[in-house]
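Asks: Here you go, protein.cif (mmCIF, C-alpha atoms):
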```
data_upload
loop_
_atom_site.group_PDB
_atom_site.id
_atom_site.type_symbol
_atom_site.label_atom_id
_atom_site.label_comp_id
_atom_site.auth_asym_id
_atom_site.auth_seq_id
_atom_site.Cartn_x
_atom_site.Cartn_y
_atom_site.Cartn_z
ATOM 1 C CA MET O 477 -16.174 -10.095 -9.150
ATOM 2 C CA ILE O 478 -14.089 -6.938 -9.494
ATOM 3 C CA SER O 479 -15.790 -4.598 -11.945
ATOM 4 C CA ARG O 480 -13.580 -1.504 -11.656
ATOM 5 C CA ILE O 481 -10.264 -0.477 -10.092
ATOM 6 C CA HIS O 482 -9.421 3.086 -9.047
ATOM 7 C CA HIS O 483 -5.876 4.226 -8.229
ATOM 8 C CA LEU O 484 -5.883 6.912 -5.524
ATOM 9 C CA ASN O 485 -3.285 9.132 -3.893
ATOM 10 C CA CYS O 486 -4.398 9.346 -0.276
ATOM 11 C CA GLY O 487 -1.605 11.515 1.048
ATOM 12 C CA THR O 488 1.084 13.648 -0.611
ATOM 13 C CA MET O 489 4.301 14.064 1.365
ATOM 14 C CA CYS O 490 6.990 16.675 0.660
ATOM 15 C CA PRO O 491 10.216 15.774 2.516
ATOM 16 C CA ALA O 492 13.280 17.942 2.021
ATOM 17 C CA CYS O 493 15.574 17.569 -1.000
ATOM 18 C CA GLN O 494 14.118 16.390 -4.279
ATOM 19 C CA CYS O 495 17.406 14.803 -5.368
ATOM 20 C CA LEU O 496 17.662 12.582 -2.296
ATOM 21 C CA ILE O 497 14.005 11.551 -2.396
ATOM 22 C CA ASN O 498 13.114 11.345 -6.097
ATOM 23 C CA GLY O 499 16.575 10.920 -7.621
ATOM 24 C CA HIS O 500 16.372 13.979 -9.873
ATOM 25 C CA GLY O 501 15.758 17.706 -9.826
ATOM 26 C CA SER O 502 16.869 20.216 -7.229
ATOM 27 C CA TRP O 503 18.786 19.903 -3.979
ATOM 28 C CA ARG O 504 16.780 22.841 -2.629
ATOM 29 C CA GLN O 505 13.244 21.931 -3.676
ATOM 30 C CA PRO O 506 11.223 19.426 -1.631
ATOM 31 C CA GLY O 507 10.711 15.917 -2.883
ATOM 32 C CA GLN O 508 7.393 14.228 -3.439
ATOM 33 C CA LEU O 509 6.022 10.947 -2.142
ATOM 34 C CA VAL O 510 2.468 9.633 -2.374
ATOM 35 C CA CYS O 511 0.211 7.166 -0.576
ATOM 36 C CA HIS O 512 -0.911 4.939 -3.447
ATOM 37 C CA CYS O 513 -4.148 3.158 -2.525
ATOM 38 C CA LEU O 514 -6.704 1.163 -4.500
ATOM 39 C CA LEU O 515 -10.486 1.342 -4.476
ATOM 40 C CA LEU O 516 -12.123 -1.768 -5.912
ATOM 41 C CA GLU O 517 -15.731 -1.920 -7.036
ATOM 42 C CA THR O 518 -16.910 -5.488 -6.447
ATOM 43 C CA GLY O 519 -20.041 -7.548 -5.998
ATOM 44 C CA GLU O 520 -19.214 -7.542 -2.285
ATOM 45 C CA GLY O 521 -19.287 -3.749 -2.057
ATOM 46 C CA LEU O 522 -16.311 -1.407 -2.186
ATOM 47 C CA VAL O 523 -12.885 -2.659 -1.093
ATOM 48 C CA LEU O 524 -9.982 -0.382 -0.159
ATOM 49 C CA VAL O 525 -6.372 -1.499 -0.324
ATOM 50 C CA ASP O 526 -4.629 0.728 2.260
ATOM 51 C CA THR O 527 -6.169 4.027 3.340
ATOM 52 C CA GLY O 528 -3.352 6.565 3.461
ATOM 53 C CA LEU O 529 -3.963 9.519 5.771
ATOM 54 C CA GLY O 530 -7.527 10.006 7.019
ATOM 55 C CA SER O 531 -9.741 12.925 7.943
ATOM 56 C CA HIS O 532 -9.125 12.378 11.658
ATOM 57 C CA ASP O 533 -5.379 12.702 11.025
ATOM 58 C CA LEU O 534 -6.019 16.116 9.516
ATOM 59 C CA ASP O 535 -8.155 17.151 12.500
ATOM 60 C CA ALA O 536 -5.498 16.209 15.074
ATOM 61 C CA PRO O 537 -2.164 15.758 13.260
ATOM 62 C CA ARG O 538 0.092 16.056 16.339
ATOM 63 C CA GLN O 539 -1.828 13.405 18.256
ATOM 64 C CA ARG O 540 -2.381 10.940 15.435
ATOM 65 C CA LEU O 541 0.724 11.407 13.278
ATOM 66 C CA GLY O 542 3.331 12.708 15.694
ATOM 67 C CA ARG O 543 5.768 15.589 15.520
ATOM 68 C CA GLU O 544 8.578 13.483 14.049
ATOM 69 C CA TYR O 545 6.537 12.397 11.024
ATOM 70 C CA LEU O 546 5.166 15.885 10.446
ATOM 71 C CA THR O 547 8.665 17.391 10.561
ATOM 72 C CA LEU O 548 10.386 14.758 8.446
ATOM 73 C CA PHE O 549 7.759 14.099 5.766
ATOM 74 C CA ARG O 550 5.850 17.408 5.709
ATOM 75 C CA PRO O 551 2.537 15.930 4.527
ATOM 76 C CA ALA O 552 0.227 18.182 2.539
ATOM 77 C CA LEU O 553 -2.729 17.252 4.805
ATOM 78 C CA ALA O 554 -5.159 17.922 1.968
ATOM 79 C CA ARG O 555 -8.702 16.898 2.827
ATOM 80 C CA GLU O 556 -9.564 16.182 -0.804
ATOM 81 C CA GLU O 557 -6.846 13.500 -0.826
ATOM 82 C CA THR O 558 -8.379 11.442 1.971
ATOM 83 C CA ALA O 559 -9.907 8.162 0.899
ATOM 84 C CA ILE O 560 -13.323 9.121 2.255
ATOM 85 C CA ALA O 561 -13.360 12.351 0.201
ATOM 86 C CA GLN O 562 -12.322 10.476 -2.946
ATOM 87 C CA VAL O 563 -14.925 7.756 -2.391
ATOM 88 C CA ARG O 564 -17.568 10.483 -2.250
ATOM 89 C CA ALA O 565 -16.115 12.284 -5.277
ATOM 90 C CA LEU O 566 -16.493 9.053 -7.260
ATOM 91 C CA GLY O 567 -20.199 9.046 -6.397
ATOM 92 C CA HIS O 568 -20.147 6.364 -3.693
ATOM 93 C CA ASP O 569 -21.390 6.305 -0.119
ATOM 94 C CA PRO O 570 -18.507 5.707 2.332
ATOM 95 C CA ARG O 571 -20.727 3.139 4.085
ATOM 96 C CA ASP O 572 -20.416 1.028 0.931
ATOM 97 C CA VAL O 573 -16.738 0.425 1.770
ATOM 98 C CA ARG O 574 -17.272 -3.022 3.253
ATOM 99 C CA HIS O 575 -13.678 -4.266 3.396
ATOM 100 C CA ILE O 576 -10.234 -2.736 3.841
ATOM 101 C CA ILE O 577 -7.041 -4.693 3.195
ATOM 102 C CA THR O 578 -3.936 -3.190 4.763
ATOM 103 C CA THR O 579 -0.457 -3.942 3.442
ATOM 104 C CA HIS O 580 0.674 -3.062 6.983
ATOM 105 C CA LEU O 581 -0.314 -0.740 9.805
ATOM 106 C CA ASP O 582 2.166 2.121 9.664
ATOM 107 C CA LEU O 583 0.509 5.511 10.114
ATOM 108 C CA ASP O 584 0.554 6.508 6.436
ATOM 109 C CA HIS O 585 -1.237 3.298 5.460
ATOM 110 C CA ALA O 586 -3.801 2.975 8.256
ATOM 111 C CA GLY O 587 -4.713 6.582 9.026
ATOM 112 C CA GLY O 588 -8.006 6.400 7.150
ATOM 113 C CA LEU O 589 -9.371 3.321 8.937
ATOM 114 C CA ALA O 590 -11.442 5.453 11.320
ATOM 115 C CA ASP O 591 -13.264 7.034 8.371
ATOM 116 C CA PHE O 592 -14.816 3.618 7.611
ATOM 117 C CA PRO O 593 -15.685 2.224 11.063
ATOM 118 C CA HIS O 594 -18.134 -0.336 9.706
ATOM 119 C CA ALA O 595 -15.639 -1.916 7.307
ATOM 120 C CA ALA O 596 -13.942 -5.222 8.044
ATOM 121 C CA VAL O 597 -10.176 -4.631 8.219
ATOM 122 C CA HIS O 598 -8.158 -7.565 6.891
ATOM 123 C CA VAL O 599 -4.641 -8.000 8.238
ATOM 124 C CA LEU O 600 -2.031 -10.731 8.544
ATOM 125 C CA ALA O 601 -1.795 -12.208 12.047
ATOM 126 C CA PRO O 602 1.761 -11.058 12.937
ATOM 127 C CA GLU O 603 0.880 -7.503 11.909
ATOM 128 C CA LEU O 604 -2.233 -7.410 14.071
ATOM 129 C CA ARG O 605 -0.370 -8.740 17.106
ATOM 130 C CA GLN O 606 1.831 -5.638 16.971
ATOM 131 C CA ILE O 607 -1.301 -3.593 17.678
ATOM 132 C CA LEU O 608 -3.116 -5.899 20.112
ATOM 133 C CA GLN O 609 -0.039 -7.075 22.035
ATOM 134 C CA PRO O 610 2.549 -4.386 21.326
ATOM 135 C CA THR O 611 6.162 -4.519 22.445
ATOM 136 C CA LEU O 612 7.909 -1.286 23.439
ATOM 137 C CA ARG O 613 9.255 -0.983 19.896
ATOM 138 C CA ASP O 614 5.737 -1.497 18.497
ATOM 139 C CA ARG O 615 4.401 1.256 20.756
ATOM 140 C CA LEU O 616 7.032 3.628 19.422
ATOM 141 C CA ARG O 617 6.382 2.746 15.780
ATOM 142 C CA PHE O 618 2.604 2.514 15.449
ATOM 143 C CA ARG O 619 0.186 5.324 16.280
ATOM 144 C CA SER O 620 -2.308 3.868 18.752
ATOM 145 C CA ALA O 621 -4.663 6.840 18.324
ATOM 146 C CA GLN O 622 -5.410 5.634 14.790
ATOM 147 C CA PHE O 623 -6.966 2.490 16.264
ATOM 148 C CA ASP O 624 -8.966 4.058 19.114
ATOM 149 C CA HIS O 625 -12.198 3.492 17.183
ATOM 150 C CA LYS O 626 -11.657 -0.284 17.585
ATOM 151 C CA PRO O 627 -11.495 -1.486 13.982
ATOM 152 C CA ARG O 628 -13.385 -4.625 12.974
ATOM 153 C CA TRP O 629 -10.255 -6.697 12.567
ATOM 154 C CA VAL O 630 -10.254 -9.837 10.437
ATOM 155 C CA MET O 631 -7.054 -11.739 11.121
ATOM 156 C CA HIS O 632 -5.641 -14.002 8.435
ATOM 157 C CA GLU O 633 -3.313 -16.769 9.561
ATOM 158 C CA ARG O 634 -1.860 -19.110 6.978
ATOM 159 C CA PRO O 635 -1.378 -19.058 3.195
ATOM 160 C CA ASP O 636 -3.707 -21.444 1.394
ATOM 161 C CA GLN O 637 -2.340 -21.373 -2.142
ATOM 162 C CA ARG O 638 0.485 -20.348 -4.468
ATOM 163 C CA TRP O 639 0.591 -17.317 -6.749
ATOM 164 C CA PHE O 640 3.460 -17.049 -9.261
ATOM 165 C CA GLY O 641 5.662 -18.943 -6.799
ATOM 166 C CA PHE O 642 4.630 -16.823 -3.787
ATOM 167 C CA GLU O 643 2.527 -18.012 -0.872
ATOM 168 C CA ALA O 644 -0.891 -16.348 -0.910
ATOM 169 C CA LEU O 645 -4.174 -16.154 0.998
ATOM 170 C CA ARG O 646 -7.698 -15.619 -0.244
ATOM 171 C CA VAL O 647 -9.204 -12.563 1.420
ATOM 172 C CA LEU O 648 -12.899 -12.724 0.487
ATOM 173 C CA PRO O 649 -14.426 -16.109 -0.390
ATOM 174 C CA ALA O 650 -16.866 -14.553 -2.872
ATOM 175 C CA LEU O 651 -13.977 -13.058 -4.873
ATOM 176 C CA GLY O 652 -12.036 -16.309 -4.861
ATOM 177 C CA ASP O 653 -8.611 -16.079 -6.493
ATOM 178 C CA HIS O 654 -9.262 -12.564 -7.833
ATOM 179 C CA LEU O 655 -8.097 -10.881 -4.610
ATOM 180 C CA LEU O 656 -5.149 -12.287 -2.656
ATOM 181 C CA MET O 657 -2.856 -11.359 0.206
ATOM 182 C CA VAL O 658 0.775 -12.122 -0.644
ATOM 183 C CA PRO O 659 3.043 -12.162 2.459
ATOM 184 C CA LEU O 660 6.102 -9.947 1.917
ATOM 185 C CA ILE O 661 7.575 -9.912 5.402
ATOM 186 C CA GLY O 662 10.458 -7.619 6.264
ATOM 187 C CA HIS O 663 9.379 -3.995 6.408
ATOM 188 C CA THR O 664 7.123 -5.045 9.286
ATOM 189 C CA LYS O 665 6.379 -8.392 10.922
ATOM 190 C CA GLY O 666 3.187 -8.979 8.937
ATOM 191 C CA HIS O 667 3.679 -6.919 5.796
ATOM 192 C CA VAL O 668 1.797 -8.156 2.705
ATOM 193 C CA GLY O 669 1.333 -7.328 -0.922
ATOM 194 C CA VAL O 670 -2.178 -7.388 -2.382
ATOM 195 C CA ALA O 671 -2.744 -9.086 -5.745
ATOM 196 C CA VAL O 672 -5.795 -7.987 -7.741
ATOM 197 C CA ARG O 673 -6.992 -9.635 -10.920
ATOM 198 C CA GLU O 674 -7.442 -7.023 -13.644
ATOM 199 C CA ASN O 675 -8.988 -8.295 -16.878
ATOM 200 C CA ASP O 676 -6.343 -10.544 -18.408
ATOM 201 C CA GLY O 677 -3.558 -9.701 -15.979
ATOM 202 C CA TRP O 678 -2.721 -8.850 -12.379
ATOM 203 C CA LEU O 679 -1.876 -5.849 -10.242
ATOM 204 C CA LEU O 680 0.385 -6.343 -7.237
ATOM 205 C CA HIS O 681 0.307 -3.569 -4.631
ATOM 206 C CA CYS O 682 3.659 -4.142 -2.927
ATOM 207 C CA GLY O 683 3.123 -1.709 -0.054
ATOM 208 C CA ASP O 684 6.531 -0.796 1.389
ATOM 209 C CA ALA O 685 8.319 -3.927 0.164
ATOM 210 C CA TYR O 686 10.220 -1.361 -1.902
ATOM 211 C CA TYR O 687 10.118 2.435 -2.240
ATOM 212 C CA HIS O 688 11.331 3.394 -5.718
ATOM 213 C CA HIS O 689 10.797 1.985 -9.196
ATOM 214 C CA SER O 690 14.559 1.632 -9.721
ATOM 215 C CA GLN O 691 14.593 -1.163 -7.138
ATOM 216 C CA ILE O 692 12.587 -3.303 -9.542
ATOM 217 C CA SER O 693 14.128 -2.152 -12.822
ATOM 218 C CA GLN O 694 17.596 -1.663 -11.202
ATOM 219 C CA ALA O 695 18.199 1.434 -13.334
ATOM 220 C CA PRO O 696 18.853 4.180 -12.367
ATOM 221 C CA ALA O 697 20.115 3.833 -8.788
ATOM 222 C CA MET O 698 17.717 4.237 -5.891
ATOM 223 C CA PRO O 699 17.811 7.759 -4.349
ATOM 224 C CA LYS O 700 20.094 7.789 -1.316
ATOM 225 C CA GLY O 701 17.600 9.431 1.014
ATOM 226 C CA LEU O 702 15.005 6.733 0.409
ATOM 227 C CA ALA O 703 17.637 3.997 0.742
ATOM 228 C CA LEU O 704 18.659 5.246 4.175
ATOM 229 C CA PHE O 705 15.053 5.510 5.343
ATOM 230 C CA GLU O 706 14.231 2.026 4.056
ATOM 231 C CA GLN O 707 17.066 0.531 6.084
ATOM 232 C CA ALA O 708 16.164 2.552 9.178
ATOM 233 C CA VAL O 709 12.583 1.265 9.381
ATOM 234 C CA GLN O 710 12.994 -2.362 8.283
ATOM 235 C CA THR O 711 12.079 -4.974 10.893
ATOM 236 C CA TYR O 712 13.661 -8.063 9.313
ATOM 237 C CA PRO O 713 16.433 -6.908 6.939
ATOM 238 C CA ARG O 714 17.283 -10.321 5.475
ATOM 239 C CA GLN O 715 13.668 -11.202 4.703
ATOM 240 C CA ARG O 716 13.054 -7.767 3.210
ATOM 241 C CA ARG O 717 16.007 -8.154 0.845
ATOM 242 C CA GLN O 718 14.970 -11.683 -0.087
ATOM 243 C CA ASN O 719 11.450 -10.573 -0.931
ATOM 244 C CA LEU O 720 12.783 -7.645 -2.957
ATOM 245 C CA ASP O 721 14.867 -10.105 -4.995
ATOM 246 C CA ARG O 722 11.760 -12.226 -5.546
ATOM 247 C CA LEU O 723 9.773 -9.196 -6.688
ATOM 248 C CA ARG O 724 12.521 -8.300 -9.175
ATOM 249 C CA ALA O 725 12.383 -11.852 -10.523
ATOM 250 C CA LEU O 726 8.590 -11.667 -10.749
ATOM 251 C CA ALA O 727 8.780 -8.440 -12.758
ATOM 252 C CA HIS O 728 11.469 -9.896 -15.022
ATOM 253 C CA ASP O 729 9.822 -13.274 -15.622
ATOM 254 C CA HIS O 730 6.147 -12.301 -15.606
ATOM 255 C CA GLY O 731 6.102 -8.582 -16.415
ATOM 256 C CA ASP O 732 3.668 -9.293 -19.231
ATOM 257 C CA ALA O 733 1.132 -10.643 -16.748
ATOM 258 C CA VAL O 734 1.785 -8.752 -13.474
ATOM 259 C CA THR O 735 2.089 -4.984 -12.926
ATOM 260 C CA LEU O 736 3.952 -4.180 -9.710
ATOM 261 C CA PHE O 737 3.842 -0.887 -7.834
ATOM 262 C CA CYS O 738 4.752 0.253 -4.341
ATOM 263 C CA ALA O 739 2.955 2.625 -2.014
ATOM 264 C CA HIS O 740 4.990 5.819 -2.218
ATOM 265 C CA ASP O 741 6.505 6.220 -5.690
ATOM 266 C CA PRO O 742 4.847 9.108 -7.625
ATOM 267 C CA VAL O 743 6.258 7.766 -10.907
ATOM 268 C CA GLU O 744 4.441 4.463 -10.490
ATOM 269 C CA LEU O 745 1.245 6.236 -9.487
ATOM 270 C CA ALA O 746 1.421 8.389 -12.618
ATOM 271 C CA ARG O 747 1.874 5.259 -14.732
ATOM 272 C CA SER O 748 -1.188 3.687 -13.107
ATOM 273 C CA LEU O 749 -3.296 6.762 -13.830
ATOM 274 C CA THR O 750 -2.265 6.863 -17.518
ATOM 275 C CA PRO O 751 -4.737 4.941 -19.718
ATOM 276 C CA PRO O 752 -3.076 2.175 -21.736
ATOM 277 C CA SER O 753 -2.617 2.869 -25.428
ATOM 278 C CA ALA O 754 -5.430 1.614 -27.601
ATOM 279 C CA ALA O 755 -2.748 0.127 -29.841
ATOM 280 C CA SER O 756 -1.225 -1.926 -27.037
ATOM 281 C CA PRO O 757 -1.889 -5.672 -27.372
ATOM 282 C CA PRO O 758 -3.668 -7.365 -24.468
ATOM 283 C CA ARG O 759 -1.445 -9.083 -21.934
ATOM 284 C CA PRO O 760 -1.664 -12.854 -21.782
ATOM 285 C CA ALA O 761 -3.719 -14.273 -18.948
ATOM 286 C CA ALA O 762 -1.128 -16.126 -16.920
ATOM 287 C CA PRO O 763 -2.231 -18.742 -14.401
ATOM 288 C CA GLY O 764 -2.098 -17.531 -10.820
ATOM 289 C CA ARG O 765 -0.699 -20.675 -9.340
#
```
Represent the structure contained in this file as structure tokens.

Replies:
Amino acid sequence: MISRIHHLNCGTMCPACQCLINGHGSWRQPGQLVCHCLLLETGEGLVLVDTGLGSHDLDAPRQRLGREYLTLFRPALAREETAIAQVRALGHDPRDVRHIITTHLDLDHAGGLADFPHAAVHVLAPELRQILQPTLRDRLRFRSAQFDHKPRWVMHERPDQRWFGFEALRVLPALGDHLLMVPLIGHTKGHVGVAVRENDGWLLHCGDAYYHHSQISQAPAMPKGLALFEQAVQTYPRQRRQNLDRLRALAHDHGDAVTLFCAHDPVELARSLTPPSAASPPRPAAPGR
């Protein structure tokens, strides 16, 4: 099963204007975004959920990330933040990363795939088709250089169960219902969340199904810069909004059993890295179906 869960930041980004990006602070200082990934220690080896930016991205940023991304998001490009460096810092061999689950294949989620060429890369079928059979729009969006190493794709087709009212798919048979893909289509054609059983509750990595914690709590308002970017890059606007509404309902109705977080919010990452209070009562173990 899953013995330990590590929350990692695999890519700090510093776009202009803290107020527009983070919703507070200075108009002159840069904002901060993160690439929130998970490293799971399991009986099946190590499992990564997303990879953030990888070492090859740092070696050739123009080729692999593109001038537009570098100019707009101003990534720190810190080698110690790459998933492979953090796996080593935790005392593991990168070859022990046997599986990678991607929420989607945008460059700031898939950049580290090449650092783990022997890992099986699990992806929802519509997302993989954007890479294997790309349209012109797909070619403009995704960075083909990040896939030149020919990842060991594992394509997942259809949901096989329900999870808190959502359709879900088992990823690894040996982990059963403890690790699930949860389709959250909208940001991209095959975008998913990843549900991970943690003791008596659940974590749900929502990827880019939302960008800021206010979208789940609805207070305070989402920063305007993030709101504009979210709309600019959405593939299916109606489905994205519907899934966001469902995530809000999940947090409201089952917040005692499920902890939600997205990929880029530094506030949510900080919460995940803060140990729970010893005085806090355990959360009830809610059924997954």

Asks: Which residues of stretch 665-749 of chain O come within 12 Å of stretch 513-529 of chain O, and for each one, what is the closest pair of atoms and their distance in Å to one decimal, counting only C-alpha atoms, sorted by chain and residue number, as JSON lines?

Replies:
```
{"residue": "O:His667", "atom": "CA", "partner": "O:Asp526", "partner_atom": "CA", "distance": 11.8}
{"residue": "O:Val668", "atom": "CA", "partner": "O:Val525", "partner_atom": "CA", "distance": 11.0}
{"residue": "O:Gly669", "atom": "CA", "partner": "O:Val525", "partner_atom": "CA", "distance": 9.7}
{"residue": "O:Val670", "atom": "CA", "partner": "O:Val525", "partner_atom": "CA", "distance": 7.5}
{"residue": "O:Ala671", "atom": "CA", "partner": "O:Val525", "partner_atom": "CA", "distance": 10.0}
{"residue": "O:Val672", "atom": "CA", "partner": "O:Leu516", "partner_atom": "CA", "distance": 9.1}
{"residue": "O:Arg673", "atom": "CA", "partner": "O:Leu516", "partner_atom": "CA", "distance": 10.6}
{"residue": "O:Glu674", "atom": "CA", "partner": "O:Leu516", "partner_atom": "CA", "distance": 10.5}
{"residue": "O:Leu679", "atom": "CA", "partner": "O:Leu514", "partner_atom": "CA", "distance": 10.3}
{"residue": "O:Leu680", "atom": "CA", "partner": "O:Leu514", "partner_atom": "CA", "distance": 10.7}
{"residue": "O:His681", "atom": "CA", "partner": "O:Val525", "partner_atom": "CA", "distance": 8.2}
{"residue": "O:Cys682", "atom": "CA", "partner": "O:Val525", "partner_atom": "CA", "distance": 10.7}
{"residue": "O:Gly683", "atom": "CA", "partner": "O:Asp526", "partner_atom": "CA", "distance": 8.4}
{"residue": "O:Asp684", "atom": "CA", "partner": "O:Asp526", "partner_atom": "CA", "distance": 11.3}
{"residue": "O:Phe737", "atom": "CA", "partner": "O:Cys513", "partner_atom": "CA", "distance": 10.4}
{"residue": "O:Cys738", "atom": "CA", "partner": "O:Cys513", "partner_atom": "CA", "distance": 9.5}
{"residue": "O:Ala739", "atom": "CA", "partner": "O:Cys513", "partner_atom": "CA", "distance": 7.1}
{"residue": "O:His740", "atom": "CA", "partner": "O:Cys513", "partner_atom": "CA", "distance": 9.5}
{"residue": "O:Asp741", "atom": "CA", "partner": "O:Cys513", "partner_atom": "CA", "distance": 11.5}
{"residue": "O:Pro742", "atom": "CA", "partner": "O:Cys513", "partner_atom": "CA", "distance": 11.9}
{"residue": "O:Glu744", "atom": "CA", "partner": "O:Cys513", "partner_atom": "CA", "distance": 11.8}
{"residue": "O:Leu745", "atom": "CA", "partner": "O:Cys513", "partner_atom": "CA", "distance": 9.3}
{"residue": "O:Ser748", "atom": "CA", "partner": "O:Leu514", "partner_atom": "CA", "distance": 10.5}
{"residue": "O:Leu749", "atom": "CA", "partner": "O:Leu514", "partner_atom": "CA", "distance": 11.4}
```

Asks: Determine the nearest neighbour of O:Ala492 from the options O:Ala725, O:Leu566, O:Leu702, O:Ala621, counting only C-alpha atoms.

Replies: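 Comparing O:Ala725, O:Leu566, O:Leu702, O:Ala621 against O:Ala492, the winner is O:Leu702.
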
Asks: List the spatial neighbours of O:Phe549 as a JSON list (two decimals) with C-alpha atoms, in the frame of the given file - criterion: any atom at most 7 Å away, all atoms listed in the file, same-chain residues fewer than 6 positions off excluded.

Replies:
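Written file, part39.json:
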```
[["chain", "number", "residue", "atom", "x", "y", "z"],
["O", 489, "MET", "CA", 4.30, 14.06, 1.36],
["O", 490, "CYS", "CA", 6.99, 16.68, 0.66],
["O", 491, "PRO", "CA", 10.22, 15.77, 2.52]]
```

Asks: Just give me the gap between atom CA of O:His654 and atom CA of O:Thr711 in Å, one decimal is fine.

Replies: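 Value for the atom CA of O:His654-atom CA of O:Thr711 distance: 29.4 Å.
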
Asks: Please, what distance in Å, to one decimal, runs between atom CA of O:His500 and atom CA of O:Glu544?

Replies: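 So the answer is 25.2 Å.
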
Asks: Rank O:Leu589, O:Pro602, O:Val510, O:Gln609 by their smallest atom-to-atom distance to O:Asn498, using only C-alpha atoms, and report the top residue only.

Replies: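 That would be O:Val510, the residue with the smallest distance to O:Asn498.
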
Asks: Residues near O:Gln707, anyone? I mean within 12 Å using only C-alpha atoms, not counting same-chain ones fewer than 6 positions away, as a PyMOL selection string.

Replies: chain O and resi 662-664+684-687+700-701+713-714+716-717
